[in-house]
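Encoded as structure tokens, the structure appears first; notes follow it.
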Amino acid sequence: MMERQTDLVVVGAGPAGLAAACAASNCGLEVNLVDEQSSPGGQLFRNIESPLGQASLDAKERAQGMALAKKFRASDITYFPDTTVWGLEPHKVSCTAEGKTKIFPTQSVIVAPGAMERPVPFPGWTLPGVLGAGGADILLRSGGTLLKDPAQPIVLAGNGPLLLLLACHLIDRGVNIAAWLDTGYWRKRIMSAIPMAVSFFDSAYLGKGLSMARKIAKAKIPFVLGAKNLQAIGTQRVEKITYEVKGETKEIATTCLLLHEGIIPRTHILSSLGAKHLWDPVQRYWHPEVTECGATSIDGLYLAGDAGYVHGGDASITKGTLAGIDAARRLGVITDSEAAFRSKQPLNKLRLTRFARGFLRYVFAPNPAIFAVPDQTKVCRCESVSAGDIRKVVLEGNTDVNEVKLYTRCGMGPCQGRMCGPALAEITAATLSTSPKKVGSLHIQQPFRPVSLENYCDTTTQD
Amino acid sequence: MEKSEHNDTVTILVDDIPVTVPAGISVAAAVLGHHHAGETYTNPVDGSPRAPYCLMGVCFECMMEINGEPNIQSCLVTVEEGMIVKRQVATAGAK
Ligand code: FES
């Protein structure tokens with residue numbers, strides 16, 4: 001079904017999307033907001049309108065999230081929950097809602113798809129019982145449990161800010177954490193010392209980190225530094241895990257392993273449009289090139305939030321606000337000087353946040369060694385392609401990930417390379433002794449979500 | 001758009017077993033966190049057991065049959081009273 005044309009469509013109802021929609025609507029734009037979840041909040045403010053969601057946030061974030069949701073509900077924005085976007089151009093957004101196609105013609109688009117956990121393969125990671133730490137946290141925050149018996153031991157592994165938060169949530173629920181295996185990258189961590197000093201400009205944030213660290217220290221979780229070569233072993237689900245530390249192999253019996261190797265932008269939408277991306281050699285991910293207002297290299301298309309570069313929730317709200325204001329300026333609904341006036345405060349805030357949190361880039365830099373997995377490790381979960389399959393094809397002379405994809409099927413399954421793309425690039429690059437920057441990134445085709453042929457034809461005839 | 005889901009529960013049928021879960025949670029969270037099914041999806045390529053991994057719509061490992069529709073990413077669907085959910089597990093004959 002073709003919806004009425006509006007000034008702006010915002011994709012995503014997380015911190016950035018909500019702030020963008022509110023700012024644009026406040027400037028006088030007519031705004032449609034589409035989101036695949038059934039209530040606003042995204043990942044950070046998930047279930048923010050229910051006591052369950054509110055309880056899992058600290059006081060400051062809770063207040064921030066609730067205020068944002070309230071402002072959004074009070075606005076004139078037209079909200080389309082449970083709506084999955086599968087096609088996008090600067091003037092048209094194509095979605096599916098309840099099995100039906102919805103097309104939104106528009107003057108401009110702000111995409112705010114947020115971030116995701118960096119997927120990192122290791123032997124046994126497809127076994128039930130192995131989850132992303134982010135996924136586990138979503139489960140806890142929405143009232144689920146990881147194991148029927150909370151006293152059963154769980155193992156945490158990896159490196160990244162989310163592990164701290166997840167550990168706190170697990171401790172609060174009385175879950176027994178058998179071990180925390182740290183895979184951090186000390187060469188880069190040491191470089192964080194100087195920027196870390198700068199973070200005192202953002203002392204509230206630092207305080208939050210310290211209080212989490214205190215809680216974890218009190219719980220006396222066995223902490224293993226420099227864990228390597230993690231493996232999950234089991235038949236129907238994980239039964240035990242093994243890892244190496246200082247050349248010795250250790251084993252832990254567990255039915256649940258939670259892995260986290262940092263957070264990366266979700267870039268599918270912008271890559272499919274050929275927007276320009278940049279490579280961050282420390283965090284090892286591609287991120288779209290955007291202005292401070294979130295304008296991309298494509299006219300009328302903005303990006304807001306962590307999908308541009310991962311700076312966290314605070315910064316996402318600010319980035320959303322800036323994008324919303326600039327979208328109004330671009331359409332001439334507000335003047336350049338009004339836009340500059342409205343943007344002044346958020347811009348200053350964004351610069352300060354970026355400056356104060358610069359150290360995180362180094363503290364949680366991923367260790368490239370985590371991608372040096374054994375040949376039999378499944379890299380592409382959907383198509384069951386192993387690291388050995390990839391290496392073989394690379395050694396045969398295929399040096400671009402898109403060629404490797406063609407010959408191995410790595411990245412051709414339903415997730416369209418979302419789960420294997422980063423590892424595919426790392427393994428290809430390592431085989432060639434070069435940087436992932438040099439091996440290209442997967443070309444993403446629209447529709448970027450599975451959509452039935454019937455729905456797809458529906459829309460093309462409406463053109 | 002307001003939903004009065006506070007502290008309510010709903011009952012869904014997972015592989016013919018009634019499961020009562022908090023309202024407002026996703027089908028994936030309901031199955032994983034309350035039914036504790038372990039495997040929820042058999043990978044059609046290699047036949048290996050899979051379960052929800054990301055719970056945010058990225059991995060497609062949570063595909064289940066919901067109200068007769070197969071291959072639905074269950075982490076993106078909110079539970080509703082009376083919903084009929086089937087795991088797409090090879091041994092259970094669903095597929
Ligand atoms: S659990 Fe990953 S897509 Fe649903």
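Residues are named by chain letter and number: chains run A, B, ... in the order of the structure tokens, numbers start at 1 in each chain, and ligands are numbered from 1 in the order shown.
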
*Return as a PyMOL selection string every polymer residue, whether protein, DNA or RNA, with at least one atom no more than 12 Å from an atom of ligand 1; count only C-alpha atoms and all ligand atoms.*
(chain A and resi 36-37+116-117+119+126+128+130-136+138-139+381-382+414-416+418-419+449) or (chain B and resi 26-32+40-41+50-64+71-78)

All residues 7 Å or closer to A:Thr408, only C-alpha atoms, same chain fewer than 3 positions away omitted, as an mmCIF file with N, CA and C atoms, in the first residue's frame:
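Saved the output as result08.cif:
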data_model
loop_
_atom_site.group_PDB
_atom_site.id
_atom_site.type_symbol
_atom_site.label_atom_id
_atom_site.label_comp_id
_atom_site.auth_asym_id
_atom_site.auth_seq_id
_atom_site.Cartn_x
_atom_site.Cartn_y
_atom_site.Cartn_z
ATOM 1 N N VAL A 385 29.760 -22.357 5.853
ATOM 2 C CA VAL A 385 31.049 -22.235 5.171
ATOM 3 C C VAL A 385 32.140 -22.099 6.233
ATOM 4 N N ASP A 389 37.417 -23.312 4.008
ATOM 5 C CA ASP A 389 36.844 -23.078 2.676
ATOM 6 C C ASP A 389 37.261 -21.700 2.170
ATOM 7 N N ILE A 390 37.206 -20.719 3.069
ATOM 8 C CA ILE A 390 37.547 -19.342 2.681
ATOM 9 C C ILE A 390 39.036 -19.261 2.322
ATOM 10 N N VAL A 404 35.275 -14.169 -3.060
ATOM 11 C CA VAL A 404 35.283 -15.293 -2.116
ATOM 12 C C VAL A 404 33.852 -15.732 -1.828
ATOM 13 N N LYS A 405 32.961 -14.772 -1.696
ATOM 14 C CA LYS A 405 31.543 -15.076 -1.463
ATOM 15 C C LYS A 405 30.979 -15.912 -2.609
#

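Among the candidates A:Ile427, A:Arg173, A:Arg409, A:Ser343, the one nearest to A:Asp375 when counting only C-alpha atoms is A:Ile427.
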
A:Phe122: which residues within 10 Å, counting only C-alpha atoms, same-chain residues fewer than 2 positions away excluded, as a PDB file with N, CA and C atoms, in the first residue's frame?
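Wrote around-v1.pdb, looks like this:
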ATOM      1  N   PRO A 119      30.182  -9.926  15.223  1.00  0.00           N
ATOM      2  CA  PRO A 119      30.113 -11.388  15.259  1.00  0.00           C
ATOM      3  C   PRO A 119      31.507 -11.977  15.031  1.00  0.00           C
ATOM      4  N   VAL A 120      31.946 -12.822  15.925  1.00  0.00           N
ATOM      5  CA  VAL A 120      33.272 -13.438  15.807  1.00  0.00           C
ATOM      6  C   VAL A 120      33.124 -14.950  15.915  1.00  0.00           C
ATOM      7  N   GLY A 124      32.400 -24.227  17.464  1.00  0.00           N
ATOM      8  CA  GLY A 124      31.253 -24.513  18.326  1.00  0.00           C
ATOM      9  C   GLY A 124      30.307 -23.346  18.558  1.00  0.00           C
ATOM     10  N   TRP A 125      30.535 -22.223  17.885  1.00  0.00           N
ATOM     11  CA  TRP A 125      29.696 -21.051  18.196  1.00  0.00           C
ATOM     12  C   TRP A 125      28.281 -21.163  17.670  1.00  0.00           C
ATOM     13  N   THR A 126      28.003 -22.195  16.836  1.00  0.00           N
ATOM     14  CA  THR A 126      26.629 -22.357  16.363  1.00  0.00           C
ATOM     15  C   THR A 126      25.795 -23.221  17.312  1.00  0.00           C
ATOM     16  N   ASN A 229      41.988 -19.093  21.838  1.00  0.00           N
ATOM     17  CA  ASN A 229      41.497 -20.329  21.229  1.00  0.00           C
ATOM     18  C   ASN A 229      40.303 -20.950  21.945  1.00  0.00           C
ATOM     19  N   LEU A 230      39.292 -20.136  22.128  1.00  0.00           N
ATOM     20  CA  LEU A 230      38.069 -20.571  22.769  1.00  0.00           C
ATOM     21  C   LEU A 230      37.351 -21.606  21.898  1.00  0.00           C
ATOM     22  N   GLN A 231      36.784 -22.622  22.530  1.00  0.00           N
ATOM     23  CA  GLN A 231      35.989 -23.605  21.805  1.00  0.00           C
ATOM     24  C   GLN A 231      34.772 -23.989  22.622  1.00  0.00           C
ATOM     25  N   ALA A 232      33.633 -24.154  21.963  1.00  0.00           N
ATOM     26  CA  ALA A 232      32.441 -24.684  22.634  1.00  0.00           C
ATOM     27  C   ALA A 232      32.262 -26.106  22.118  1.00  0.00           C
ATOM     28  N   ILE A 370      41.746 -12.930  17.380  1.00  0.00           N
ATOM     29  CA  ILE A 370      40.510 -13.696  17.601  1.00  0.00           C
ATOM     30  C   ILE A 370      39.969 -14.289  16.303  1.00  0.00           C
ATOM     31  N   PHE A 371      40.407 -13.736  15.168  1.00  0.00           N
ATOM     32  CA  PHE A 371      39.910 -14.250  13.888  1.00  0.00           C
ATOM     33  C   PHE A 371      40.779 -15.394  13.331  1.00  0.00           C
ATOM     34  N   ALA A 372      41.883 -15.690  14.007  1.00  0.00           N
ATOM     35  CA  ALA A 372      42.771 -16.759  13.526  1.00  0.00           C
ATOM     36  C   ALA A 372      42.209 -18.108  13.970  1.00  0.00           C
ATOM     37  N   VAL A 373      41.019 -18.447  13.490  1.00  0.00           N
ATOM     38  CA  VAL A 373      40.333 -19.654  13.955  1.00  0.00           C
ATOM     39  C   VAL A 373      40.766 -20.872  13.145  1.00  0.00           C
ATOM     40  N   PRO A 374      40.634 -22.080  13.732  1.00  0.00           N
ATOM     41  CA  PRO A 374      40.997 -23.297  12.997  1.00  0.00           C
ATOM     42  C   PRO A 374      40.167 -23.450  11.719  1.00  0.00           C
ATOM     43  N   GLN A 376      38.382 -25.747  10.457  1.00  0.00           N
ATOM     44  CA  GLN A 376      37.042 -26.363  10.445  1.00  0.00           C
ATOM     45  C   GLN A 376      35.967 -25.454  11.054  1.00  0.00           C
ATOM     46  N   THR A 377      36.338 -24.302  11.603  1.00  0.00           N
ATOM     47  CA  THR A 377      35.358 -23.391  12.210  1.00  0.00           C
ATOM     48  C   THR A 377      34.376 -22.868  11.173  1.00  0.00           C
ATOM     49  N   LYS A 378      33.082 -22.959  11.482  1.00  0.00           N
ATOM     50  CA  LYS A 378      32.067 -22.398  10.579  1.00  0.00           C
ATOM     51  C   LYS A 378      32.101 -20.886  10.699  1.00  0.00           C
ATOM     52  N   VAL A 379      32.303 -20.223   9.590  1.00  0.00           N
ATOM     53  CA  VAL A 379      32.309 -18.761   9.609  1.00  0.00           C
ATOM     54  C   VAL A 379      30.924 -18.251   9.222  1.00  0.00           C
ATOM     55  N   ALA A 387      36.194 -21.649   7.812  1.00  0.00           N
ATOM     56  CA  ALA A 387      37.367 -20.792   7.615  1.00  0.00           C
ATOM     57  C   ALA A 387      38.300 -21.416   6.579  1.00  0.00           C
TER      58      ALA A 387
END

*Could you give me the residues within stretch 280-412 of chain A that DSSP places in helix (DSSP H, G or I), as an NGL selection string?*
:A and (305-307 or 313-330 or 336-356 or 358-363 or 368-371 or 387-395 or 401-408)

*Can you tell me how far atom CA of A:Glu61 sits from atom CA of A:Arg329, in Å to one decimal?*
29.7 Å

*Looking only at strand (DSSP E or B) from DSSP on the backbone, list the matching residues of chain B as an MDAnalysis selection string.*
chainID B and resid 9:14 17:22 26 41:42 49:50 63:66 69:73 78 84:88

Next, the residues of the selection above should be written as a short mmCIF file (atom, residue, chain, number, x, y, z; two decimals), in the first residue's frame with N, CA, C and O atoms.
data_model
loop_
_atom_site.label_atom_id
_atom_site.label_comp_id
_atom_site.auth_asym_id
_atom_site.auth_seq_id
_atom_site.Cartn_x
_atom_site.Cartn_y
_atom_site.Cartn_z
N THR B 9 0.62 -11.54 31.97
CA THR B 9 1.25 -12.67 31.29
C THR B 9 0.34 -13.11 30.15
O THR B 9 -0.85 -12.78 30.13
N VAL B 10 0.91 -13.82 29.20
CA VAL B 10 0.09 -14.44 28.15
C VAL B 10 0.52 -15.90 28.03
O VAL B 10 1.63 -16.27 28.44
N THR B 11 -0.36 -16.70 27.50
CA THR B 11 -0.03 -18.11 27.31
C THR B 11 0.03 -18.41 25.82
O THR B 11 -0.88 -18.08 25.07
N ILE B 12 1.13 -19.00 25.43
CA ILE B 12 1.30 -19.41 24.04
C ILE B 12 1.53 -20.92 24.00
O ILE B 12 1.86 -21.52 25.04
N LEU B 13 1.34 -21.51 22.84
CA LEU B 13 1.54 -22.95 22.70
C LEU B 13 2.84 -23.18 21.94
O LEU B 13 2.95 -22.80 20.78
N VAL B 14 3.83 -23.79 22.61
CA VAL B 14 5.10 -24.07 21.94
C VAL B 14 5.20 -25.57 21.73
O VAL B 14 5.27 -26.32 22.71
N ILE B 17 2.92 -27.50 23.85
CA ILE B 17 2.99 -27.34 25.30
C ILE B 17 2.64 -25.90 25.65
O ILE B 17 3.26 -24.97 25.13
N PRO B 18 1.62 -25.69 26.51
CA PRO B 18 1.28 -24.30 26.87
C PRO B 18 2.39 -23.70 27.75
O PRO B 18 2.87 -24.35 28.67
N VAL B 19 2.81 -22.50 27.42
CA VAL B 19 3.88 -21.82 28.17
C VAL B 19 3.36 -20.43 28.53
O VAL B 19 2.90 -19.70 27.66
N THR B 20 3.43 -20.10 29.82
CA THR B 20 2.97 -18.79 30.25
C THR B 20 4.17 -17.88 30.46
O THR B 20 5.11 -18.24 31.17
N VAL B 21 4.14 -16.74 29.80
CA VAL B 21 5.32 -15.85 29.78
C VAL B 21 4.87 -14.41 30.01
O VAL B 21 3.70 -14.09 29.84
N PRO B 22 5.81 -13.55 30.43
CA PRO B 22 5.44 -12.14 30.59
C PRO B 22 4.97 -11.54 29.26
O PRO B 22 5.56 -11.83 28.22
N SER B 26 9.51 -11.07 23.34
CA SER B 26 9.49 -11.64 22.00
C SER B 26 9.24 -13.14 22.07
O SER B 26 9.46 -13.77 23.11
N TYR B 41 15.87 -24.41 15.78
CA TYR B 41 15.91 -24.36 14.32
C TYR B 41 16.99 -25.30 13.86
O TYR B 41 18.09 -25.32 14.41
N THR B 42 16.68 -26.13 12.85
CA THR B 42 17.72 -26.98 12.30
C THR B 42 18.22 -26.33 11.03
O THR B 42 17.43 -26.01 10.14
N PRO B 49 22.00 -28.28 14.91
CA PRO B 49 21.01 -27.58 15.75
C PRO B 49 21.39 -26.12 15.97
O PRO B 49 22.56 -25.81 16.14
N ARG B 50 20.41 -25.24 15.95
CA ARG B 50 20.65 -23.81 16.16
C ARG B 50 19.64 -23.24 17.16
O ARG B 50 18.60 -23.84 17.40
N MET B 63 14.50 -18.55 13.52
CA MET B 63 13.33 -18.75 12.67
C MET B 63 12.45 -19.88 13.18
O MET B 63 12.93 -20.99 13.41
N MET B 64 11.18 -19.59 13.39
CA MET B 64 10.21 -20.57 13.85
C MET B 64 8.92 -20.38 13.08
O MET B 64 8.74 -19.38 12.38
N GLU B 65 8.04 -21.36 13.23
CA GLU B 65 6.73 -21.24 12.60
C GLU B 65 5.79 -20.58 13.61
O GLU B 65 5.61 -21.09 14.71
N ILE B 66 5.23 -19.44 13.23
CA ILE B 66 4.33 -18.73 14.14
C ILE B 66 2.96 -18.61 13.48
O ILE B 66 2.85 -18.07 12.37
N GLU B 69 2.83 -19.66 9.88
CA GLU B 69 3.79 -19.07 8.93
C GLU B 69 5.20 -19.51 9.27
O GLU B 69 5.68 -19.22 10.37
N PRO B 70 5.87 -20.21 8.36
CA PRO B 70 7.23 -20.66 8.67
C PRO B 70 8.27 -19.55 8.47
O PRO B 70 7.97 -18.50 7.90
N ASN B 71 9.48 -19.81 8.96
CA ASN B 71 10.64 -18.92 8.74
C ASN B 71 10.43 -17.50 9.25
O ASN B 71 10.86 -16.54 8.62
N ILE B 72 9.76 -17.36 10.38
CA ILE B 72 9.58 -16.03 10.95
C ILE B 72 10.70 -15.78 11.97
O ILE B 72 10.97 -16.63 12.81
N GLN B 73 11.33 -14.63 11.88
CA GLN B 73 12.36 -14.27 12.87
C GLN B 73 11.63 -14.02 14.19
O GLN B 73 11.08 -12.94 14.41
N THR B 78 6.31 -10.05 18.96
CA THR B 78 5.90 -10.01 20.36
C THR B 78 4.85 -11.10 20.61
O THR B 78 3.98 -11.32 19.77
N ILE B 84 0.37 -19.77 18.35
CA ILE B 84 0.83 -21.15 18.18
C ILE B 84 2.21 -21.15 17.54
O ILE B 84 2.38 -20.68 16.41
N VAL B 85 3.19 -21.62 18.30
CA VAL B 85 4.58 -21.55 17.87
C VAL B 85 5.12 -22.95 17.70
O VAL B 85 4.89 -23.83 18.54
N LYS B 86 5.80 -23.17 16.58
CA LYS B 86 6.45 -24.47 16.40
C LYS B 86 7.91 -24.25 16.08
O LYS B 86 8.26 -23.40 15.25
N ARG B 87 8.76 -25.00 16.75
CA ARG B 87 10.19 -24.95 16.43
C ARG B 87 10.40 -25.63 15.09
O ARG B 87 9.73 -26.61 14.78
N GLN B 88 11.31 -25.11 14.29
CA GLN B 88 11.60 -25.75 13.00
C GLN B 88 12.76 -26.71 13.16
O GLN B 88 13.87 -26.46 12.70
#

*asked:* Give me, as JSON, numbers by chain, all polymer residues having an atom no more than 7 Å from B:Val45, counting only C-alpha atoms and skipping those fewer than 2 positions away in the same chain.
replied: {"A": [383, 384], "B": [43, 47]}

Emit the selected residues as an mmCIF file, in the first residue's frame, including N, CA, C and O atoms.
data_model
loop_
_atom_site.group_PDB
_atom_site.id
_atom_site.type_symbol
_atom_site.label_atom_id
_atom_site.label_comp_id
_atom_site.auth_asym_id
_atom_site.auth_seq_id
_atom_site.Cartn_x
_atom_site.Cartn_y
_atom_site.Cartn_z
ATOM 1 N N GLU A 383 25.114 -20.643 5.593
ATOM 2 C CA GLU A 383 25.481 -21.535 4.494
ATOM 3 C C GLU A 383 26.530 -22.553 4.911
ATOM 4 O O GLU A 383 27.061 -23.295 4.080
ATOM 5 N N SER A 384 26.897 -22.559 6.198
ATOM 6 C CA SER A 384 27.837 -23.526 6.741
ATOM 7 C C SER A 384 29.172 -23.535 5.976
ATOM 8 O O SER A 384 29.624 -24.568 5.504
ATOM 9 N N ASN B 43 19.507 -26.117 10.942
ATOM 10 C CA ASN B 43 20.061 -25.482 9.750
ATOM 11 C C ASN B 43 19.848 -26.380 8.542
ATOM 12 O O ASN B 43 20.268 -27.538 8.550
ATOM 13 N N GLY B 47 22.232 -29.423 8.703
ATOM 14 C CA GLY B 47 21.444 -30.194 9.661
ATOM 15 C C GLY B 47 21.831 -29.999 11.116
ATOM 16 O O GLY B 47 21.412 -30.752 11.982
#
